[in-house]
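Structure file protein.csv; described as CSV, C-alpha atoms and all ligand atoms.
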chain,number,residue,atom,x,y,z
A,233,MET,CA,1.6,2.8,18.1
A,234,SER,CA,2.7,1.0,15.0
A,235,LYS,CA,2.7,2.8,11.7
A,236,ILE,CA,1.8,1.7,8.1
A,237,ILE,CA,3.7,3.6,5.4
A,238,SER,CA,3.1,3.1,1.7
A,239,ILE,CA,5.5,4.1,-1.1
A,240,HIS,CA,3.8,4.7,-4.4
A,241,SER,CA,4.1,6.4,-7.8
A,242,PHE,CA,1.7,6.7,-10.6
A,243,ARG,CA,4.3,5.7,-13.2
A,244,GLY,CA,6.9,3.0,-13.0
A,245,GLY,CA,10.6,3.1,-12.4
A,246,THR,CA,10.5,6.2,-10.2
A,247,GLY,CA,12.5,4.6,-7.4
A,248,LYS,CA,9.7,3.2,-5.1
A,249,SER,CA,11.4,-0.1,-4.3
A,250,ASN,CA,14.8,1.6,-3.6
A,251,THR,CA,13.1,4.2,-1.4
A,252,THR,CA,11.2,1.5,0.5
A,253,ALA,CA,14.3,-0.5,1.1
A,254,ASN,CA,16.4,2.4,2.1
A,255,ILE,CA,13.9,3.9,4.5
A,256,SER,CA,13.3,0.5,6.0
A,257,ALA,CA,17.1,0.2,6.6
A,258,ILE,CA,17.2,3.6,8.2
A,259,LEU,CA,14.3,2.9,10.5
A,260,ALA,CA,15.8,-0.5,11.5
A,261,SER,CA,19.1,1.2,12.2
A,262,GLN,CA,17.3,3.3,14.7
A,263,GLY,CA,16.3,0.1,16.5
A,264,LEU,CA,12.8,-0.3,15.1
A,265,ARG,CA,11.2,-3.6,14.0
A,266,VAL,CA,10.3,-3.0,10.3
A,267,GLY,CA,8.2,-5.2,8.0
A,268,VAL,CA,8.5,-4.7,4.2
A,269,ILE,CA,5.8,-6.2,2.1
A,270,ASP,CA,6.0,-6.4,-1.7
A,271,THR,CA,2.4,-5.8,-3.0
A,272,ASP,CA,3.7,-5.5,-6.5
A,273,ILE,CA,2.3,-8.9,-7.3
A,274,GLN,CA,2.5,-8.3,-11.0
A,275,SER,CA,6.2,-7.3,-11.1
A,276,PRO,CA,7.8,-8.0,-7.8
A,277,GLY,CA,11.4,-6.9,-7.2
A,278,ILE,CA,12.2,-5.4,-3.8
A,279,HIS,CA,13.6,-8.8,-2.6
A,280,VAL,CA,16.5,-8.3,-4.9
A,281,LEU,CA,17.6,-5.2,-3.0
A,282,PHE,CA,17.7,-7.2,0.2
A,283,GLY,CA,19.8,-9.9,-1.5
A,284,PHE,CA,17.0,-12.4,-1.0
A,285,SER,CA,17.0,-15.2,-3.5
A,286,GLU,CA,14.2,-17.2,-5.0
A,287,ASP,CA,15.4,-20.5,-3.4
A,288,GLU,CA,15.0,-19.1,0.1
A,289,MET,CA,11.4,-18.2,-0.7
A,290,LYS,CA,9.5,-21.2,0.8
A,291,TYR,CA,6.3,-19.2,1.0
A,292,SER,CA,5.4,-15.9,-0.5
A,293,LEU,CA,2.6,-13.4,-0.3
A,294,ASN,CA,0.9,-15.3,-3.1
A,295,ASP,CA,0.8,-18.5,-0.9
A,296,TYR,CA,-0.8,-16.5,1.9
A,297,LEU,CA,-3.4,-15.1,-0.6
A,298,TRP,CA,-4.3,-18.6,-1.7
A,299,GLY,CA,-4.7,-19.7,1.9
A,300,LYS,CA,-1.6,-22.0,1.9
A,301,CYS,CA,0.1,-20.4,4.9
A,302,ASN,CA,-0.2,-17.7,7.5
A,303,ILE,CA,1.1,-14.3,6.5
A,304,GLU,CA,4.0,-14.5,9.1
A,305,ASP,CA,5.1,-17.8,7.4
A,306,ALA,CA,5.9,-15.7,4.4
A,307,ALA,CA,8.0,-13.2,6.4
A,308,TYR,CA,11.8,-13.6,6.3
A,309,GLU,CA,14.2,-11.8,8.5
A,310,VAL,CA,16.9,-10.2,6.3
A,311,THR,CA,18.6,-8.0,8.9
A,312,ARG,CA,21.8,-10.1,9.2
A,313,SER,CA,22.3,-10.6,5.5
A,314,LEU,CA,22.3,-6.9,4.9
A,315,GLY,CA,25.4,-6.3,7.0
A,316,GLY,CA,25.8,-2.8,8.4
A,317,ASN,CA,25.0,-1.7,11.8
A,318,ILE,CA,21.3,-2.5,12.3
A,319,SER,CA,20.1,-2.7,15.9
A,320,GLY,CA,16.5,-3.3,14.9
A,321,SER,CA,15.1,-5.9,12.5
A,322,ILE,CA,13.8,-6.1,8.9
A,323,TYR,CA,11.3,-8.7,7.9
A,324,LEU,CA,10.6,-9.1,4.2
A,325,ILE,CA,7.4,-10.5,2.8
A,326,PRO,CA,8.1,-11.1,-0.9
A,327,SER,CA,5.8,-11.7,-3.8
A,328,SER,CA,6.4,-14.8,-5.9
A,329,ILE,CA,8.6,-14.3,-9.0
A,330,LYS,CA,7.4,-17.5,-10.6
A,331,ALA,CA,5.7,-16.6,-13.9
A,332,GLY,CA,3.0,-19.2,-13.3
A,333,GLU,CA,2.2,-17.8,-9.9
A,334,ILE,CA,2.1,-14.3,-11.1
A,335,ALA,CA,-0.2,-15.4,-14.0
A,336,ARG,CA,-2.5,-17.2,-11.5
A,337,VAL,CA,-3.0,-14.2,-9.3
A,338,LEU,CA,-3.7,-12.0,-12.2
A,339,ARG,CA,-6.2,-14.4,-13.7
A,340,GLU,CA,-8.0,-15.7,-10.6
A,341,GLY,CA,-7.6,-12.6,-8.4
A,342,TYR,CA,-7.6,-13.0,-4.7
A,343,ASP,CA,-9.6,-12.1,-1.6
A,344,VAL,CA,-8.9,-8.4,-0.9
A,345,GLY,CA,-10.1,-8.9,2.6
A,346,LEU,CA,-7.3,-11.4,3.2
A,347,LEU,CA,-4.7,-8.9,2.1
A,348,ASN,CA,-6.2,-6.4,4.4
A,349,ASP,CA,-6.2,-8.9,7.3
A,350,GLY,CA,-2.7,-9.8,6.4
A,351,PHE,CA,-1.4,-6.3,6.8
A,352,HIS,CA,-2.9,-6.0,10.3
A,353,GLU,CA,-1.8,-9.6,11.3
A,354,LEU,CA,1.7,-8.9,10.2
A,355,VAL,CA,2.0,-5.9,12.5
A,356,GLU,CA,0.6,-8.0,15.4
A,357,ALA,CA,2.5,-11.3,14.8
A,358,LEU,CA,5.9,-9.7,14.2
A,359,ASP,CA,5.3,-6.9,16.8
A,360,LEU,CA,6.2,-4.4,14.1
A,361,ASP,CA,6.9,-0.7,14.8
A,362,VAL,CA,6.5,0.0,11.1
A,363,LEU,CA,5.1,-1.8,8.1
A,364,MET,CA,6.4,-0.5,4.8
A,365,ILE,CA,4.4,-1.3,1.7
A,366,ASP,CA,6.1,-1.3,-1.7
A,367,THR,CA,3.5,-1.0,-4.5
A,368,HIS,CA,2.8,-1.5,-8.1
A,369,PRO,CA,2.8,1.7,-10.2
A,370,GLY,CA,-0.6,3.2,-11.1
A,371,LEU,CA,-3.9,2.5,-9.4
A,372,ASN,CA,-5.1,-1.0,-8.7
A,373,GLU,CA,-6.8,-2.7,-5.7
A,374,GLU,CA,-3.6,-3.5,-3.8
A,375,THR,CA,-2.4,0.1,-4.2
A,376,LEU,CA,-5.8,1.6,-3.2
A,377,LEU,CA,-6.0,-0.7,-0.2
A,378,SER,CA,-2.5,0.1,1.0
A,379,VAL,CA,-3.2,3.8,0.6
A,380,ALA,CA,-6.5,3.4,2.4
A,381,ILE,CA,-4.9,1.9,5.5
A,382,SER,CA,-1.7,3.9,5.5
A,383,ASP,CA,-0.8,6.4,8.2
A,384,ALA,CA,1.7,7.9,5.9
A,385,LEU,CA,2.2,7.9,2.1
A,386,ALA,CA,5.2,8.9,0.1
A,387,VAL,CA,4.4,9.6,-3.6
A,388,ILE,CA,7.5,9.4,-5.7
A,389,MET,CA,7.9,11.3,-9.0
A,390,ARG,CA,10.6,12.4,-11.4
A,391,PRO,CA,10.6,15.9,-12.6
A,392,ASP,CA,9.0,14.8,-15.9
A,393,GLN,CA,5.8,16.1,-17.5
A,394,GLN,CA,4.2,12.6,-17.5
A,395,ASP,CA,5.0,12.1,-13.9
A,396,TYR,CA,3.6,15.5,-13.0
A,397,GLN,CA,0.2,14.6,-14.4
A,398,GLY,CA,0.1,11.1,-12.9
A,399,THR,CA,1.1,12.4,-9.5
A,400,SER,CA,-1.8,14.7,-9.3
A,401,VAL,CA,-4.1,11.7,-9.8
A,402,THR,CA,-2.4,9.9,-6.9
A,403,VAL,CA,-2.5,12.9,-4.7
A,404,GLU,CA,-6.2,13.3,-5.3
A,405,VAL,CA,-6.8,9.7,-4.5
A,406,ALA,CA,-4.8,9.9,-1.3
A,407,ARG,CA,-6.8,12.9,-0.2
A,408,LYS,CA,-10.1,11.1,-1.0
A,409,LEU,CA,-8.8,8.2,1.2
A,410,ASN,CA,-7.9,10.6,4.1
A,411,VAL,CA,-4.2,9.6,4.4
A,412,PRO,CA,-3.2,11.4,7.5
A,413,ARG,CA,0.3,12.2,6.2
A,414,LEU,CA,1.2,12.7,2.6
A,415,VAL,CA,4.6,13.7,1.3
A,416,ILE,CA,6.0,13.9,-2.2
A,417,VAL,CA,9.6,12.8,-3.1
A,418,VAL,CA,11.1,14.1,-6.3
A,419,ASN,CA,13.7,11.6,-7.5
A,420,LYS,CA,16.2,11.4,-10.3
A,421,THR,CA,16.5,15.1,-10.6
A,422,PRO,CA,19.1,16.1,-13.2
A,423,LEU,CA,22.0,17.9,-11.5
A,424,VAL,CA,21.6,20.8,-13.9
A,425,TYR,CA,18.2,21.7,-12.4
A,426,ASP,CA,17.6,24.3,-9.7
A,427,PHE,CA,16.6,22.0,-6.8
A,428,GLU,CA,14.9,24.7,-4.7
A,429,GLN,CA,12.8,25.8,-7.7
A,430,VAL,CA,11.7,22.2,-8.3
A,431,ARG,CA,10.7,21.9,-4.7
A,432,SER,CA,8.6,25.0,-4.6
A,433,GLN,CA,7.0,24.3,-8.0
A,434,VAL,CA,5.9,20.8,-6.8
A,435,GLU,CA,4.8,22.0,-3.4
A,436,GLN,CA,2.7,24.7,-5.0
A,437,LEU,CA,1.2,22.4,-7.7
A,438,TYR,CA,0.0,19.8,-5.2
A,439,SER,CA,-0.3,21.8,-2.0
A,440,ALA,CA,1.7,19.0,-0.4
A,441,GLU,CA,5.0,18.9,1.4
A,442,VAL,CA,8.0,17.8,-0.6
A,443,ALA,CA,10.1,15.5,1.7
A,444,ALA,CA,13.2,15.7,-0.5
A,445,VAL,CA,14.4,16.5,-3.9
A,446,MET,CA,16.8,13.7,-4.7
A,447,PRO,CA,19.4,14.0,-7.4
A,448,HIS,CA,20.0,11.6,-10.2
A,449,SER,CA,22.9,9.7,-8.7
A,450,ASP,CA,25.5,7.7,-10.6
A,451,GLU,CA,26.4,5.7,-7.5
A,452,MET,CA,22.8,4.7,-7.2
A,453,MET,CA,22.7,3.7,-10.9
A,454,ALA,CA,25.9,1.8,-10.5
A,455,LEU,CA,24.7,-0.1,-7.4
A,456,ALA,CA,21.9,-1.2,-9.7
A,457,SER,CA,19.6,-2.6,-7.0
A,458,ALA,CA,22.4,-5.0,-5.8
A,459,GLY,CA,22.1,-3.6,-2.3
A,460,VAL,CA,20.7,-1.0,0.0
A,461,PHE,CA,22.3,2.3,-0.8
A,462,VAL,CA,22.3,3.9,2.7
A,463,LEU,CA,24.2,0.9,4.1
A,464,ARG,CA,26.8,1.0,1.3
A,465,TYR,CA,27.2,4.8,1.3
A,466,PRO,CA,26.4,6.0,4.9
A,467,ASP,CA,27.9,9.4,4.2
A,468,HIS,CA,26.5,10.1,0.8
A,469,GLU,CA,24.1,13.0,0.1
A,470,MET,CA,21.4,10.6,-1.0
A,471,THR,CA,21.7,8.9,2.4
A,472,ARG,CA,21.1,12.2,4.2
A,473,LEU,CA,18.0,12.8,2.0
A,474,TYR,CA,16.7,9.3,2.7
A,475,ARG,CA,17.0,10.0,6.4
A,476,GLN,CA,15.1,13.2,5.9
A,477,ILE,CA,12.3,11.4,4.1
A,478,ALA,CA,12.2,8.7,6.9
A,479,GLN,CA,12.0,11.4,9.5
A,480,LYS,CA,9.2,13.2,7.7
A,481,LEU,CA,7.2,10.0,7.2
A,482,MET,CA,7.5,9.1,10.9
A,483,SER,CA,6.6,12.6,12.3
B,142,MET,CA,-32.7,15.4,8.9
B,143,GLY,CA,-30.5,15.1,5.9
B,144,GLY,CA,-26.9,13.9,6.3
B,145,ILE,CA,-25.3,10.7,5.6
B,146,PHE,CA,-28.2,8.4,6.4
B,147,ASP,CA,-30.6,9.9,3.8
B,148,ARG,CA,-27.9,10.1,1.2
B,149,LEU,CA,-27.1,6.5,2.0
B,150,GLN,CA,-30.6,5.4,1.3
B,151,ASP,CA,-30.6,7.0,-2.1
B,152,ASP,CA,-27.1,6.2,-3.0
B,153,LEU,CA,-26.9,2.7,-1.8
B,154,ASP,CA,-30.3,1.8,-3.1
B,155,ALA,CA,-28.9,2.6,-6.5
B,156,ARG,CA,-26.0,0.3,-6.0
B,157,ASN,CA,-26.1,-3.4,-6.1
B,158,ASN,CA,-23.2,-4.7,-4.3
B,159,LYS,CA,-23.4,-8.2,-3.1
B,160,LYS,CA,-19.9,-9.1,-4.1
B,161,GLY,CA,-18.3,-7.1,-1.4
B,162,LEU,CA,-16.3,-4.0,-1.2
B,163,SER,CA,-13.5,-3.1,-3.5
B,164,PRO,CA,-11.1,-0.3,-2.5
B,165,VAL,CA,-11.9,1.1,-5.9
B,166,ASP,CA,-15.6,1.7,-4.7
B,167,LEU,CA,-14.3,4.2,-2.2
B,168,LEU,CA,-13.3,6.5,-5.1
B,169,ASP,CA,-16.8,7.0,-6.5
B,170,MET,CA,-18.7,7.2,-3.3
B,171,PRO,CA,-20.1,10.4,-1.8
B,172,GLN,CA,-17.3,11.7,0.4
B,173,ASP,CA,-19.1,11.2,3.8
B,174,LEU,CA,-19.9,7.6,2.9
B,175,ALA,CA,-16.3,7.0,1.7
B,176,ASP,CA,-15.0,8.6,4.9
B,177,LEU,CA,-17.1,6.3,7.1
B,178,ILE,CA,-16.0,3.1,5.3
B,179,ASN,CA,-12.4,4.4,5.1
B,180,GLN,CA,-12.4,4.9,8.9
B,181,ILE,CA,-13.7,1.4,9.4
B,182,ILE,CA,-11.0,0.0,7.1
B,183,ARG,CA,-8.3,2.1,8.7
B,184,ARG,CA,-9.1,1.0,12.2
B,185,ASN,CA,-9.6,-2.6,11.1
B,186,GLY,CA,-13.2,-2.4,12.5
B,187,MET,CA,-15.3,-0.1,14.6
B,188,LYS,CA,-17.9,-0.5,17.3
B,189,LEU,CA,-21.4,1.1,17.1
B,190,GLU,CA,-20.6,3.7,19.7
B,191,ASP,CA,-17.4,4.8,17.9
B,192,VAL,CA,-19.3,5.1,14.6
B,193,ALA,CA,-22.0,7.2,16.3
B,194,GLN,CA,-19.4,9.5,17.8
B,195,ASN,CA,-17.5,9.6,14.5
B,196,LEU,CA,-20.7,10.6,12.6
B,197,ASN,CA,-21.9,12.8,15.3
B,198,GLN,CA,-25.2,11.0,15.3
B,199,SER,CA,-27.4,9.2,17.8
B,200,ILE,CA,-26.7,5.5,18.4
B,201,GLU,CA,-30.0,4.7,16.7
B,202,LYS,CA,-29.2,6.6,13.5
B,203,ALA,CA,-25.7,5.2,13.4
B,204,GLU,CA,-27.1,1.7,13.7
B,205,GLN,CA,-29.5,2.3,10.9
B,206,THR,CA,-26.6,3.5,8.7
B,207,LEU,CA,-24.5,0.5,9.6
B,208,ASP,CA,-27.5,-1.9,9.0
B,209,LYS,CA,-27.8,-0.4,5.6
B,210,LEU,CA,-24.2,-0.9,4.8
B,211,VAL,CA,-24.3,-4.5,6.0
B,212,GLU,CA,-27.4,-5.1,3.9
B,213,LYS,CA,-25.5,-3.7,0.9
B,214,GLY,CA,-22.6,-6.0,1.5
B,215,TYR,CA,-20.0,-3.3,2.2
B,216,ILE,CA,-19.4,-4.2,5.8
B,217,ARG,CA,-20.1,-7.1,8.1
B,218,ARG,CA,-20.8,-7.7,11.8
B,219,VAL,CA,-18.2,-9.7,13.7
B,220,LYS,CA,-18.2,-10.7,17.4
B,221,VAL,CA,-15.0,-10.1,19.2
B,222,LYS,CA,-15.0,-11.1,22.8
B,223,GLN,CA,-18.8,-10.6,23.2
B,224,GLU,CA,-18.7,-7.3,21.5
B,225,VAL,CA,-20.1,-6.5,18.1
B,226,TRP,CA,-17.6,-4.9,15.7
B,227,TYR,CA,-18.2,-3.7,12.1
B,228,LYS,CA,-15.6,-4.6,9.6
B,229,ALA,CA,-15.1,-4.0,5.9
B,230,GLN,CA,-16.5,-6.8,3.8
B,231,PHE,CA,-14.0,-7.0,0.9
B,232,GLY,CA,-14.8,-9.0,-2.2
B,233,ARG,CA,-12.5,-10.8,-4.6
B,234,LYS,CA,-10.3,-9.1,-6.9
B,235,ALA,CA,-10.6,-10.5,-10.4
B,236,ASP,CA,-8.9,-8.8,-13.1
B,237,LYS,CA,-11.2,-8.8,-16.1
B,238,VAL,CA,-9.4,-6.0,-17.8
B,239,VAL,CA,-7.6,-8.3,-20.2
B,240,SER,CA,-9.5,-10.7,-22.4
B,241,ASP,CA,-9.7,-14.3,-21.3
B,242,ASN,CA,-7.8,-15.3,-24.4
B,243,ILE,CA,-4.6,-14.0,-23.1
B,244,TRP,CA,-4.7,-16.3,-20.1
B,245,SER,CA,-5.1,-19.5,-22.1
B,246,LYS,CA,-2.1,-18.3,-24.2
B,247,LEU,CA,-0.1,-17.7,-21.0
B,248,ASP,CA,-1.2,-21.0,-19.7
B,249,ASN,CA,0.4,-22.7,-22.7
B,250,ILE,CA,3.6,-20.8,-22.1
B,251,PHE,CA,3.7,-21.6,-18.4
B,252,LYS,CA,2.1,-25.0,-18.5
B,253,ASP,CA,5.4,-26.6,-17.5
B,254,GLU,CA,5.5,-24.7,-14.3
B,255,GLN,CA,3.8,-26.1,-11.3
B,256,VAL,CA,1.6,-23.7,-9.4
C,501,LIG,N1,18.2,8.9,-7.5
C,501,LIG,C1,18.5,7.9,-8.4
C,501,LIG,N2,19.5,8.1,-9.3
C,501,LIG,C2,19.8,7.2,-10.2
C,501,LIG,N3,19.2,6.0,-10.3
C,501,LIG,C3,18.2,5.8,-9.5
C,501,LIG,C4,17.8,6.7,-8.4
C,501,LIG,N4,16.7,6.2,-7.8
C,501,LIG,C5,16.5,5.0,-8.3
C,501,LIG,N5,17.3,4.7,-9.3
C,501,LIG,C6,17.4,3.5,-10.2
C,501,LIG,O1,16.2,3.5,-10.9
C,501,LIG,C7,15.8,2.2,-11.2
C,501,LIG,C8,14.4,1.9,-10.7
C,501,LIG,O2,14.3,2.0,-9.3
C,501,LIG,P1,13.2,1.2,-8.5
C,501,LIG,O3,13.2,-0.2,-8.9
C,501,LIG,O4,13.4,1.5,-7.1
C,501,LIG,O5,11.9,1.9,-9.0
C,501,LIG,P2,10.4,1.4,-8.8
C,501,LIG,O6,9.6,2.7,-8.8
C,501,LIG,O7,10.3,0.5,-7.7
C,501,LIG,O8,10.2,0.7,-10.2
C,501,LIG,P3,8.8,-0.2,-10.6
C,501,LIG,O9,7.8,0.8,-10.9
C,501,LIG,O10,9.3,-1.0,-11.8
C,501,LIG,O11,8.5,-1.0,-9.4
C,501,LIG,C9,16.8,1.3,-10.5
C,501,LIG,O12,17.7,0.9,-11.5
C,501,LIG,C10,17.5,2.2,-9.5
C,501,LIG,O13,18.8,1.9,-9.2
C,502,MG,MG,9.4,-1.4,-7.6

Show the structure stored in the file as structure tokens.
Ligand SMILES: Nc1ncnc2c1ncn2[C@@H]1O[C@H](COP(=O)(O)OP(=O)(O)OP(=O)(O)O)[C@@H](O)[C@H]1O
Ligand SMILES: [Mg+2]
Amino acid sequence: MSKIISIHSFRGGTGKSNTTANISAILASQGLRVGVIDTDIQSPGIHVLFGFSEDEMKYSLNDYLWGKCNIEDAAYEVTRSLGGNISGSIYLIPSSIKAGEIARVLREGYDVGLLNDGFHELVEALDLDVLMIDTHPGLNEETLLSVAISDALAVIMRPDQQDYQGTSVTVEVARKLNVPRLVIVVNKTPLVYDFEQVRSQVEQLYSAEVAAVMPHSDEMMALASAGVFVLRYPDHEMTRLYRQIAQKLMS
Amino acid sequence: MGGIFDRLQDDLDARNNKKGLSPVDLLDMPQDLADLINQIIRRNGMKLEDVAQNLNQSIEKAEQTLDKLVEKGYIRRVKVKQEVWYKAQFGRKADKVVSDNIWSKLDNIFKDEQV
């Protein structure tokens, strides 16, 4: 059975796109066929992590939503270009980064049913084991739809008071939408914090499992989204934690 | 009696939704109604028998419920290989949060770009 996994956070910049890319790479390294779709139509970005440039983007998710192509025409295999030892495959479905196309989708909207069909068609057409959905922060239609169809959801938060509040909104929504598996990832935790204490606090607050408490990492900062961390630093502590999250999302 | 069908009558009669379903609608529906529609979305469609089983209702009652949802524009019937399936009927997303003004301003900025 294939799985749909969404990565979300209430606030921006928590590490969604990096988490999505890294978990995708881990699952593909295990031999799985993984699709990664960028539903952050307003501020797309995950293609950068896969080293995918605008010139290669003949079709994007936007074209599919405007009926210009099939969803699989907007899927690009990025496995080889990532290097590393990946026995499975990664297919990226990027959103357009042309200002005019972003403006158009915001202004004219799109057929939400088409997006829903697109998720399911992708899984079929590319014979995916896993579809990973990177989302826009906060709640909007794309996010709610992706949460509504997900088998598993990772909610990312920083140990920050604003994130704490926002996360409770997301968790509440995920419960309302009956997501079978919900985990929380605490990211960018300052090294001076007591990690175990953060974990138990968060678990208690949301009555949900914390898949990992990730440190704030200078190596991650320095990589600056120029690559997929787990492939660059296979022996790093962050990599071990990403593997742990992947495993918890798949179980 | 009682249960989802009666609640549906009241709740759905109060709603006027011909523009199709938005995922946002699921958030302010009574939980059992949201659960049903969520199931239909999640499985990318359901058959009458599955819905009846899911709701723990007779086929007739389940069909009445589904008819009501079709009438309200939340779901639609589709034929797949001679079988009737019920699928979510999503509408268009149109972001009206921002005033229309901003779009014409953006248009001016982006008018050189081809869309
Ligand atoms: N554990 C970490 N330690 C240090 N920096 C991190 C960590 N995780 C992510 N970052 C950095 O934080 C920034 C934001 O990450 P990312 O783009 O993945 O977040 P996002 O949630 O997708 O953001 P947005 O909401 O804008 O889509 C990036 O510069 C990334 O390198
Ligand atoms: Mg992002």

Chain A near ligand MG 502 (chain C) within 6 Å: what's each residue's closest atom pair and its distance in Å to one decimal, counting all atoms listed in the file, ordered by chain then ascending residue number, as JSON lines?
{"residue": "A:Lys248", "atom": "CA", "partner": "C:MG502", "partner_atom": "MG", "distance": 5.2}
{"residue": "A:Ser249", "atom": "CA", "partner": "C:MG502", "partner_atom": "MG", "distance": 4.1}
{"residue": "A:Gly277", "atom": "CA", "partner": "C:MG502", "partner_atom": "MG", "distance": 5.9}

Inset, instruction - For A:Val418, please output as a list in words all residues within 8 Å (counting only C-alpha atoms; exclusion window: fewer than 4 positions along the same chain). - result: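 Once the nearby chain positions are removed, what remains is Ile388, Met389, Arg390, Pro391, Arg431, Val442, Ala444, Val445 and Met446 of chain A.
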
Legend entry - 10 Å contact set for stretch 450-455 of chain A, all atoms listed in the file, chain neighbours under 6 positions out, as a ChimeraX atom specification: /A:250,281,420,461-462,464-465,468,470

Inset, instruction - Kindly give the distance, in Å, that separates atom C4 of ligand LIG 501 (chain C) and atom CA of A:Pro422, rounded to a single decimal. - result: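 Between atom C4 of ligand LIG 501 (chain C) and atom CA of A:Pro422 the gap is 10.6 Å.
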
For chain B, work out the contacting residues on chain A at 8 Å, counting all atoms listed in the file, and write them as an mmCIF file with C-alpha atoms, in the coordinates of the input.
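Saved to iface03.cif:
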data_model
loop_
_atom_site.group_PDB
_atom_site.id
_atom_site.type_symbol
_atom_site.label_atom_id
_atom_site.label_comp_id
_atom_site.auth_asym_id
_atom_site.auth_seq_id
_atom_site.Cartn_x
_atom_site.Cartn_y
_atom_site.Cartn_z
ATOM 1 C CA ALA A 331 5.700 -16.600 -13.900
ATOM 2 C CA GLY A 332 3.000 -19.200 -13.300
ATOM 3 C CA GLU A 333 2.200 -17.800 -9.900
ATOM 4 C CA ALA A 335 -0.200 -15.400 -14.000
ATOM 5 C CA ARG A 336 -2.500 -17.200 -11.500
ATOM 6 C CA LEU A 338 -3.700 -12.000 -12.200
ATOM 7 C CA ARG A 339 -6.200 -14.400 -13.700
ATOM 8 C CA GLU A 340 -8.000 -15.700 -10.600
ATOM 9 C CA GLY A 341 -7.600 -12.600 -8.400
ATOM 10 C CA TYR A 342 -7.600 -13.000 -4.700
ATOM 11 C CA ASP A 343 -9.600 -12.100 -1.600
ATOM 12 C CA VAL A 344 -8.900 -8.400 -0.900
ATOM 13 C CA GLY A 345 -10.100 -8.900 2.600
ATOM 14 C CA HIS A 352 -2.900 -6.000 10.300
ATOM 15 C CA ASN A 372 -5.100 -1.000 -8.700
ATOM 16 C CA GLU A 373 -6.800 -2.700 -5.700
ATOM 17 C CA LEU A 376 -5.800 1.600 -3.200
ATOM 18 C CA LEU A 377 -6.000 -0.700 -0.200
ATOM 19 C CA ALA A 380 -6.500 3.400 2.400
ATOM 20 C CA ILE A 381 -4.900 1.900 5.500
ATOM 21 C CA SER A 382 -1.700 3.900 5.500
ATOM 22 C CA VAL A 405 -6.800 9.700 -4.500
ATOM 23 C CA LYS A 408 -10.100 11.100 -1.000
ATOM 24 C CA LEU A 409 -8.800 8.200 1.200
ATOM 25 C CA ASN A 410 -7.900 10.600 4.100
#

Legend entry - Atomic separation - atom CA of A:Ala443 relative to atom CA of A:Met364, Å: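 These two atoms are separated by 16.7 Å.
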
Test item: write stretch 444-452 of chain A with N, CA, C and O atoms as an mmCIF file, in the first residue's frame:
data_model
loop_
_atom_site.group_PDB
_atom_site.id
_atom_site.type_symbol
_atom_site.label_atom_id
_atom_site.label_comp_id
_atom_site.auth_asym_id
_atom_site.auth_seq_id
_atom_site.Cartn_x
_atom_site.Cartn_y
_atom_site.Cartn_z
ATOM 1 N N ALA A 444 11.067 13.438 17.052
ATOM 2 C CA ALA A 444 12.466 13.796 17.312
ATOM 3 C C ALA A 444 12.543 15.216 17.841
ATOM 4 O O ALA A 444 11.711 16.061 17.495
ATOM 5 N N VAL A 445 13.529 15.454 18.673
ATOM 6 C CA VAL A 445 13.871 16.824 19.046
ATOM 7 C C VAL A 445 15.202 17.095 18.350
ATOM 8 O O VAL A 445 16.230 16.520 18.693
ATOM 9 N N MET A 446 15.140 17.938 17.318
ATOM 10 C CA MET A 446 16.322 18.194 16.485
ATOM 11 C C MET A 446 17.046 19.431 17.012
ATOM 12 O O MET A 446 16.412 20.441 17.324
ATOM 13 N N PRO A 447 18.357 19.365 17.042
ATOM 14 C CA PRO A 447 19.104 20.533 17.510
ATOM 15 C C PRO A 447 19.149 21.628 16.450
ATOM 16 O O PRO A 447 18.949 21.357 15.253
ATOM 17 N N HIS A 448 19.424 22.839 16.878
ATOM 18 C CA HIS A 448 19.827 23.853 15.919
ATOM 19 C C HIS A 448 21.218 23.431 15.453
ATOM 20 O O HIS A 448 22.100 23.186 16.262
ATOM 21 N N SER A 449 21.409 23.332 14.137
ATOM 22 C CA SER A 449 22.667 22.794 13.632
ATOM 23 C C SER A 449 23.380 23.796 12.738
ATOM 24 O O SER A 449 22.803 24.303 11.762
ATOM 25 N N ASP A 450 24.628 24.086 13.074
ATOM 26 C CA ASP A 450 25.405 25.019 12.257
ATOM 27 C C ASP A 450 25.681 24.448 10.870
ATOM 28 O O ASP A 450 25.675 25.177 9.881
ATOM 29 N N GLU A 451 25.893 23.140 10.804
ATOM 30 C CA GLU A 451 26.145 22.508 9.500
ATOM 31 C C GLU A 451 24.925 22.675 8.588
ATOM 32 O O GLU A 451 25.044 22.916 7.396
ATOM 33 N N MET A 452 23.751 22.544 9.187
ATOM 34 C CA MET A 452 22.512 22.705 8.436
ATOM 35 C C MET A 452 22.379 24.135 7.938
ATOM 36 O O MET A 452 22.023 24.390 6.780
#
